[in-house]
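The next block holds one structure in the form of structure tokens; read it before the comments.
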Amino acid sequence: MIPSKLVEAIRDAQHVCVVTGAGISAESGIPTFREAQQGLWEKHRPEDLATPEAFSRDPDFVWQWYRWRRQLVSKVAPNAAHVAIASLADTVKTLTLITQNVDGLHQRAGSRDVIEFHGNLFVNRCFVEGVIVDVDDDIETAPYCPACAARVRPGVVWFGEGIPADAIQRSLAAAAGCDVFLAVGTSSQVYPAAGLAELAQDNGACAAEFNLEPTPLSSQFDHCVIGKAGTTLPELVELVS
Ligand code: OAD
């Protein structure tokens, strides 16, 4: 059930800010970070693979894990929740979309200017210089940077690394300046993404959570919509349109 006050707030809004997490891609068949360990990789903890130290130690091993994850994501499609957010952007005056996901499914559903908190699985960066590089990445071993010959890594944010400064700055500005803030499919446990709702509310926004189950921050939201995002978000967009 979508609260009518939320529908009205979105209709009246100048700026809607949306933050998404792993839950929005669940219905596309993408396992969450921890569930992603299957087959060959199940005996390795993500914390042991998704770090700069792991890459330094064995770049090819870490590269193969990400290659496997890229193949997994390439086989799935955006779901109704991704599509709903892309169409909400066409309905409201301004929509800022921030995602903690690295799968690129929002872009494939038609969302533009997505702020990626944790980078993107399909981007390649030089391990030493950090710059984006254009290399043949469909190979078994970590490629070499064309400029400096260092190894090439996936462009995601690893444990122990900071969120890109421009992603933080744009997100803080959007949260502080929006009229309506929506948190979708995120357990709201990982900061600073989890703090954006509070920032929005402190600046007068109405904040709503769309999740399969209550989260540690549920009691702080103005509205909580429990259910699958692939069902609840299309309902919301239909009511707003
Ligand atoms: P989590 O896996 O912590 O939370 C996903 C949330 O989505 C849970 O609360 C689920 O109940 C909910 N959920 C599952 N299926 C859903 C559905 N169909 N519709 C709506 N909600 C659903 O994922 P995040 O909050 O994204 O960081 O986690 C944040 C970050 O923590 C990740 O980006 C990752 C991890 O450490 C890095 O990899 C750097």
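Starting from 1 in every chain, residues are counted up; chains themselves are A, B, ... following the order of the structure tokens, and ligands are numbered from 1 as listed.
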*Considering only C-alpha atoms, return as number ranges by chain whatever protein or nucleic-acid residues lie within 8 Å of segment 221-238 of chain A, sequence-local ones (same chain, fewer than 2 positions apart) excluded.*
A: 1-3, 6-7, 23-24, 27, 79-82, 84-85, 87-88, 184-185, 197, 206-214, 217-219, 240-241
Print the selection's residues with N, CA and C atoms to a file, as a CSV table (one decimal), in the first residue's frame.
chain,number,residue,atom,x,y,z
A,1,MET,N,0.9,-1.2,0.0
A,1,MET,CA,0.0,0.0,0.0
A,1,MET,C,0.9,1.3,0.0
A,2,ILE,N,0.7,2.1,-1.0
A,2,ILE,CA,1.5,3.3,-1.1
A,2,ILE,C,0.8,4.4,-0.4
A,3,PRO,N,1.4,5.1,0.6
A,3,PRO,CA,0.8,6.2,1.4
A,3,PRO,C,0.4,7.3,0.4
A,6,LEU,N,2.7,10.4,0.5
A,6,LEU,CA,3.9,10.2,-0.2
A,6,LEU,C,3.7,10.6,-1.7
A,7,VAL,N,2.6,10.1,-2.2
A,7,VAL,CA,2.3,10.3,-3.7
A,7,VAL,C,2.1,11.9,-3.9
A,23,GLY,N,19.1,-4.7,-2.8
A,23,GLY,CA,17.8,-5.2,-2.9
A,23,GLY,C,17.1,-4.9,-4.2
A,24,ILE,N,17.5,-3.8,-4.9
A,24,ILE,CA,16.8,-3.4,-6.1
A,24,ILE,C,17.2,-4.4,-7.3
A,27,GLU,N,15.7,-8.9,-7.7
A,27,GLU,CA,14.7,-9.5,-8.6
A,27,GLU,C,15.2,-9.7,-10.1
A,79,ASN,N,15.1,-5.0,-13.8
A,79,ASN,CA,13.8,-5.4,-13.5
A,79,ASN,C,12.8,-4.2,-13.4
A,80,ALA,N,11.6,-4.5,-13.1
A,80,ALA,CA,10.5,-3.4,-13.1
A,80,ALA,C,10.9,-2.3,-12.1
A,81,ALA,N,11.6,-2.5,-11.1
A,81,ALA,CA,12.0,-1.5,-10.1
A,81,ALA,C,13.0,-0.5,-10.8
A,82,HIS,N,14.0,-1.0,-11.5
A,82,HIS,CA,14.9,-0.1,-12.2
A,82,HIS,C,14.2,0.7,-13.2
A,84,ALA,N,11.0,1.5,-13.2
A,84,ALA,CA,10.2,2.5,-12.5
A,84,ALA,C,10.9,3.8,-12.2
A,85,ILE,N,12.1,3.6,-11.7
A,85,ILE,CA,12.9,4.8,-11.3
A,85,ILE,C,13.3,5.6,-12.5
A,87,SER,N,11.5,5.8,-15.2
A,87,SER,CA,10.3,6.6,-15.7
A,87,SER,C,9.9,7.7,-14.7
A,88,LEU,N,10.2,7.5,-13.4
A,88,LEU,CA,9.9,8.5,-12.4
A,88,LEU,C,10.7,9.8,-12.7
A,184,VAL,N,15.7,2.7,-1.4
A,184,VAL,CA,15.1,1.5,-2.0
A,184,VAL,C,16.1,0.3,-2.0
A,185,GLY,N,15.6,-0.8,-1.3
A,185,GLY,CA,16.4,-2.1,-1.3
A,185,GLY,C,17.8,-1.9,-0.7
A,197,ALA,N,19.4,9.9,4.2
A,197,ALA,CA,18.0,10.1,4.6
A,197,ALA,C,17.9,11.2,5.7
A,206,CYS,N,10.6,14.9,2.9
A,206,CYS,CA,9.8,13.8,3.3
A,206,CYS,C,10.6,12.5,2.9
A,207,ALA,N,10.9,11.6,3.8
A,207,ALA,CA,11.7,10.4,3.4
A,207,ALA,C,10.9,9.1,3.5
A,208,ALA,N,11.1,8.3,2.5
A,208,ALA,CA,10.4,7.0,2.5
A,208,ALA,C,11.3,5.9,2.2
A,209,GLU,N,11.0,4.7,2.8
A,209,GLU,CA,11.9,3.5,2.6
A,209,GLU,C,11.0,2.5,1.9
A,210,PHE,N,11.6,1.9,0.8
A,210,PHE,CA,11.0,0.8,0.1
A,210,PHE,C,11.9,-0.4,0.3
A,211,ASN,N,11.4,-1.4,1.1
A,211,ASN,CA,12.3,-2.6,1.4
A,211,ASN,C,11.4,-3.8,1.6
A,212,LEU,N,12.1,-4.9,1.5
A,212,LEU,CA,11.4,-6.2,1.7
A,212,LEU,C,11.0,-6.4,3.2
A,213,GLU,N,11.8,-5.8,4.0
A,213,GLU,CA,11.6,-6.0,5.5
A,213,GLU,C,12.1,-4.7,6.2
A,214,PRO,N,11.7,-4.5,7.4
A,214,PRO,CA,12.2,-3.3,8.2
A,214,PRO,C,13.7,-3.3,8.3
A,217,LEU,N,16.9,1.6,10.3
A,217,LEU,CA,16.5,3.0,10.2
A,217,LEU,C,15.0,3.2,9.9
A,218,SER,N,14.3,2.1,9.8
A,218,SER,CA,12.9,2.2,9.4
A,218,SER,C,12.1,3.2,10.3
A,219,SER,N,12.3,3.2,11.6
A,219,SER,CA,11.5,4.1,12.5
A,219,SER,C,11.8,5.6,12.2
A,240,VAL,N,1.7,8.4,-9.1
A,240,VAL,CA,2.3,9.7,-9.3
A,240,VAL,C,2.0,10.3,-10.6
A,241,SER,N,2.0,9.5,-11.6
A,241,SER,CA,1.8,9.9,-13.0
A,241,SER,C,0.4,10.5,-13.3
*asked:* Please list as a list in words every residue within 9 Å of Ala22 of chain A, counting only C-alpha atoms and excluding residues in the same chain fewer than 3 positions away.
replied: Ser25, Ala26, Ile30, Pro31, Thr32, Phe33, Thr99, Gln100, Asn101, Val184, Gly185, Thr186 and Ser187 of chain A
*Extract the full set of strand (DSSP E or B) residues from chain A according to DSSP on the backbone, and format it as number ranges by chain.*
A: 15-20, 94-99, 115-116, 119-126, 132, 144, 151-156, 180-184, 206-211, 223-226
*asked:* Given only C-alpha atoms and all ligand atoms as the basis, pick out the residue of A:Val19, A:Ala109, A:Val180, A:Phe55 nearest to ligand 1.
replied: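 Closest to ligand 1 of all the choices is A:Val19.
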_Selected residue of minimal separation from ligand 1 among A:His118, A:Arg67, A:Arg151, A:Lys43, counting only C-alpha atoms and all ligand atoms_ = A:His118
*Pick the closest to ligand 1 from A:Thr94, A:Phe122, A:Glu47, A:Phe181: which is it, counting only C-alpha atoms and all ligand atoms?*
A:Glu47
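Atom CA of Glu140 of chain A sits 27.5 Å away from atom CA of Gly162 of chain A.
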Taking the DSSP secondary structure from the backbone, can you list the residues of segment 2-240 of chain A that are alpha helix (DSSP H), as an mmCIF file with C-alpha atoms, in the first residue's frame?
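New file part07.cif:
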data_model
loop_
_atom_site.group_PDB
_atom_site.id
_atom_site.type_symbol
_atom_site.label_atom_id
_atom_site.label_comp_id
_atom_site.auth_asym_id
_atom_site.auth_seq_id
_atom_site.Cartn_x
_atom_site.Cartn_y
_atom_site.Cartn_z
ATOM 1 C CA SER A 4 -1.226 8.923 -0.379
ATOM 2 C CA LYS A 5 0.806 11.597 1.457
ATOM 3 C CA LEU A 6 3.935 10.247 -0.246
ATOM 4 C CA VAL A 7 2.260 10.347 -3.653
ATOM 5 C CA GLU A 8 1.232 13.978 -3.039
ATOM 6 C CA ALA A 9 4.727 14.893 -1.845
ATOM 7 C CA ILE A 10 6.264 13.498 -5.030
ATOM 8 C CA ARG A 11 3.685 15.254 -7.204
ATOM 9 C CA ASP A 12 4.544 18.571 -5.511
ATOM 10 C CA GLY A 23 17.785 -5.240 -2.928
ATOM 11 C CA ILE A 24 16.768 -3.440 -6.110
ATOM 12 C CA SER A 25 18.779 -5.890 -8.225
ATOM 13 C CA ALA A 26 17.646 -9.002 -6.329
ATOM 14 C CA PRO A 46 34.532 -11.274 -0.318
ATOM 15 C CA GLU A 47 36.547 -9.402 2.291
ATOM 16 C CA ASP A 48 39.558 -11.468 1.218
ATOM 17 C CA LEU A 49 39.083 -10.767 -2.494
ATOM 18 C CA PRO A 52 43.821 -3.641 -2.732
ATOM 19 C CA GLU A 53 46.001 -6.030 -0.681
ATOM 20 C CA ALA A 54 44.409 -9.092 -2.303
ATOM 21 C CA PHE A 55 44.988 -7.593 -5.762
ATOM 22 C CA SER A 56 48.614 -6.757 -4.958
ATOM 23 C CA ARG A 57 49.156 -10.314 -3.728
ATOM 24 C CA PRO A 59 46.051 -9.788 -9.368
ATOM 25 C CA ASP A 60 45.042 -12.630 -11.660
ATOM 26 C CA PHE A 61 43.066 -14.416 -8.965
ATOM 27 C CA VAL A 62 41.104 -11.277 -8.037
ATOM 28 C CA TRP A 63 40.668 -10.429 -11.732
ATOM 29 C CA GLN A 64 39.143 -13.867 -12.392
ATOM 30 C CA TRP A 65 36.664 -13.410 -9.574
ATOM 31 C CA TYR A 66 35.498 -10.078 -11.038
ATOM 32 C CA ARG A 67 35.428 -11.567 -14.529
ATOM 33 C CA TRP A 68 33.070 -14.209 -13.185
ATOM 34 C CA ARG A 69 30.896 -11.495 -11.564
ATOM 35 C CA ARG A 70 30.860 -9.476 -14.802
ATOM 36 C CA GLN A 71 29.655 -12.537 -16.693
ATOM 37 C CA LEU A 72 26.941 -13.111 -14.072
ATOM 38 C CA VAL A 73 25.644 -9.539 -14.389
ATOM 39 C CA SER A 74 25.865 -9.553 -18.205
ATOM 40 C CA ALA A 80 10.544 -3.423 -13.060
ATOM 41 C CA ALA A 81 12.007 -1.464 -10.136
ATOM 42 C CA HIS A 82 14.934 -0.141 -12.208
ATOM 43 C CA VAL A 83 12.502 0.749 -15.001
ATOM 44 C CA ALA A 84 10.150 2.505 -12.543
ATOM 45 C CA ILE A 85 12.943 4.778 -11.304
ATOM 46 C CA ALA A 86 13.941 5.641 -14.875
ATOM 47 C CA SER A 87 10.345 6.597 -15.675
ATOM 48 C CA LEU A 88 9.912 8.536 -12.410
ATOM 49 C CA ALA A 89 12.792 10.720 -13.620
ATOM 50 C CA ASP A 90 10.697 11.626 -16.651
ATOM 51 C CA THR A 91 7.702 12.483 -14.439
ATOM 52 C CA LEU A 105 21.437 -2.058 -14.240
ATOM 53 C CA HIS A 106 20.025 1.436 -13.612
ATOM 54 C CA GLN A 107 21.812 2.722 -16.706
ATOM 55 C CA ARG A 108 20.625 -0.266 -18.723
ATOM 56 C CA ALA A 165 34.853 12.475 -3.688
ATOM 57 C CA ASP A 166 32.590 13.705 -6.480
ATOM 58 C CA ALA A 167 30.042 10.960 -5.680
ATOM 59 C CA ILE A 168 29.969 12.078 -2.037
ATOM 60 C CA GLN A 169 29.727 15.770 -2.875
ATOM 61 C CA ARG A 170 26.939 15.340 -5.417
ATOM 62 C CA SER A 171 25.031 12.998 -3.072
ATOM 63 C CA LEU A 172 25.253 15.329 -0.084
ATOM 64 C CA ALA A 173 24.068 18.253 -2.210
ATOM 65 C CA ALA A 174 21.175 16.234 -3.638
ATOM 66 C CA ALA A 175 20.079 14.889 -0.238
ATOM 67 C CA ALA A 176 20.259 18.349 1.363
ATOM 68 C CA GLY A 177 18.385 19.970 -1.522
ATOM 69 C CA LEU A 196 21.650 10.687 3.477
ATOM 70 C CA ALA A 197 18.022 10.146 4.551
ATOM 71 C CA GLU A 198 18.624 11.971 7.825
ATOM 72 C CA LEU A 199 20.345 14.822 6.004
ATOM 73 C CA ALA A 200 17.355 15.110 3.678
ATOM 74 C CA GLN A 201 14.896 15.128 6.589
ATOM 75 C CA ASP A 202 16.948 17.693 8.515
ATOM 76 C CA ALA A 229 10.631 -3.152 -5.095
ATOM 77 C CA GLY A 230 9.682 -4.651 -8.469
ATOM 78 C CA THR A 231 6.053 -4.416 -7.352
ATOM 79 C CA THR A 232 5.932 -1.386 -5.059
ATOM 80 C CA LEU A 233 7.911 1.073 -7.211
ATOM 81 C CA PRO A 234 5.829 0.582 -10.387
ATOM 82 C CA GLU A 235 2.727 1.105 -8.181
ATOM 83 C CA LEU A 236 4.191 4.349 -6.860
ATOM 84 C CA VAL A 237 5.064 5.626 -10.330
ATOM 85 C CA GLU A 238 1.599 4.829 -11.638
ATOM 86 C CA LEU A 239 -0.023 6.764 -8.776
ATOM 87 C CA VAL A 240 2.261 9.745 -9.253
#
_When you look at Pro154 of chain A with a cut-off of 8 Å (counting only C-alpha atoms), what residues show up, excluding the ones that are within fewer than 2 positions of it in the same chain? I need them as a list in words._
Trp63, Tyr66, Asn120, Leu121, Phe122, Val123, Asn124, Arg125, Val152 and Val156 of chain A
Convert the current residue selection to file output with N, CA and C atoms, as a PDB file, in the first residue's frame.
ATOM      1  N   TRP A  63      41.222 -10.746 -10.416  1.00  0.00           N
ATOM      2  CA  TRP A  63      40.668 -10.429 -11.732  1.00  0.00           C
ATOM      3  C   TRP A  63      39.659 -11.507 -12.185  1.00  0.00           C
ATOM      4  N   TYR A  66      36.307 -11.159 -10.459  1.00  0.00           N
ATOM      5  CA  TYR A  66      35.498 -10.078 -11.038  1.00  0.00           C
ATOM      6  C   TYR A  66      35.027 -10.423 -12.446  1.00  0.00           C
ATOM      7  N   ASN A 120      31.864   0.959 -10.667  1.00  0.00           N
ATOM      8  CA  ASN A 120      31.142   0.152 -11.650  1.00  0.00           C
ATOM      9  C   ASN A 120      31.983  -1.057 -12.035  1.00  0.00           C
ATOM     10  N   LEU A 121      31.323  -2.192 -12.013  1.00  0.00           N
ATOM     11  CA  LEU A 121      31.957  -3.476 -12.301  1.00  0.00           C
ATOM     12  C   LEU A 121      32.602  -3.526 -13.680  1.00  0.00           C
ATOM     13  N   PHE A 122      32.080  -2.766 -14.617  1.00  0.00           N
ATOM     14  CA  PHE A 122      32.522  -2.876 -16.010  1.00  0.00           C
ATOM     15  C   PHE A 122      33.562  -1.817 -16.410  1.00  0.00           C
ATOM     16  N   VAL A 123      33.981  -1.025 -15.425  1.00  0.00           N
ATOM     17  CA  VAL A 123      35.016  -0.024 -15.701  1.00  0.00           C
ATOM     18  C   VAL A 123      36.370  -0.629 -15.337  1.00  0.00           C
ATOM     19  N   ASN A 124      37.396  -0.292 -16.102  1.00  0.00           N
ATOM     20  CA  ASN A 124      38.753  -0.758 -15.781  1.00  0.00           C
ATOM     21  C   ASN A 124      39.618   0.434 -15.388  1.00  0.00           C
ATOM     22  N   ARG A 125      40.405   0.247 -14.338  1.00  0.00           N
ATOM     23  CA  ARG A 125      41.299   1.322 -13.889  1.00  0.00           C
ATOM     24  C   ARG A 125      42.724   0.797 -13.719  1.00  0.00           C
ATOM     25  N   VAL A 152      45.848  -3.799 -14.420  1.00  0.00           N
ATOM     26  CA  VAL A 152      44.538  -3.137 -14.508  1.00  0.00           C
ATOM     27  C   VAL A 152      43.559  -3.859 -13.587  1.00  0.00           C
ATOM     28  N   VAL A 156      35.733  -0.767  -9.135  1.00  0.00           N
ATOM     29  CA  VAL A 156      34.819  -0.764  -7.996  1.00  0.00           C
ATOM     30  C   VAL A 156      35.559  -0.273  -6.756  1.00  0.00           C
TER      31      VAL A 156
END
*asked:* Between atom CA of Asp134 of chain A and atom CA of Gly119 of chain A, what is the distance in Å, rounded to a tenth?
replied: 16.0 Å
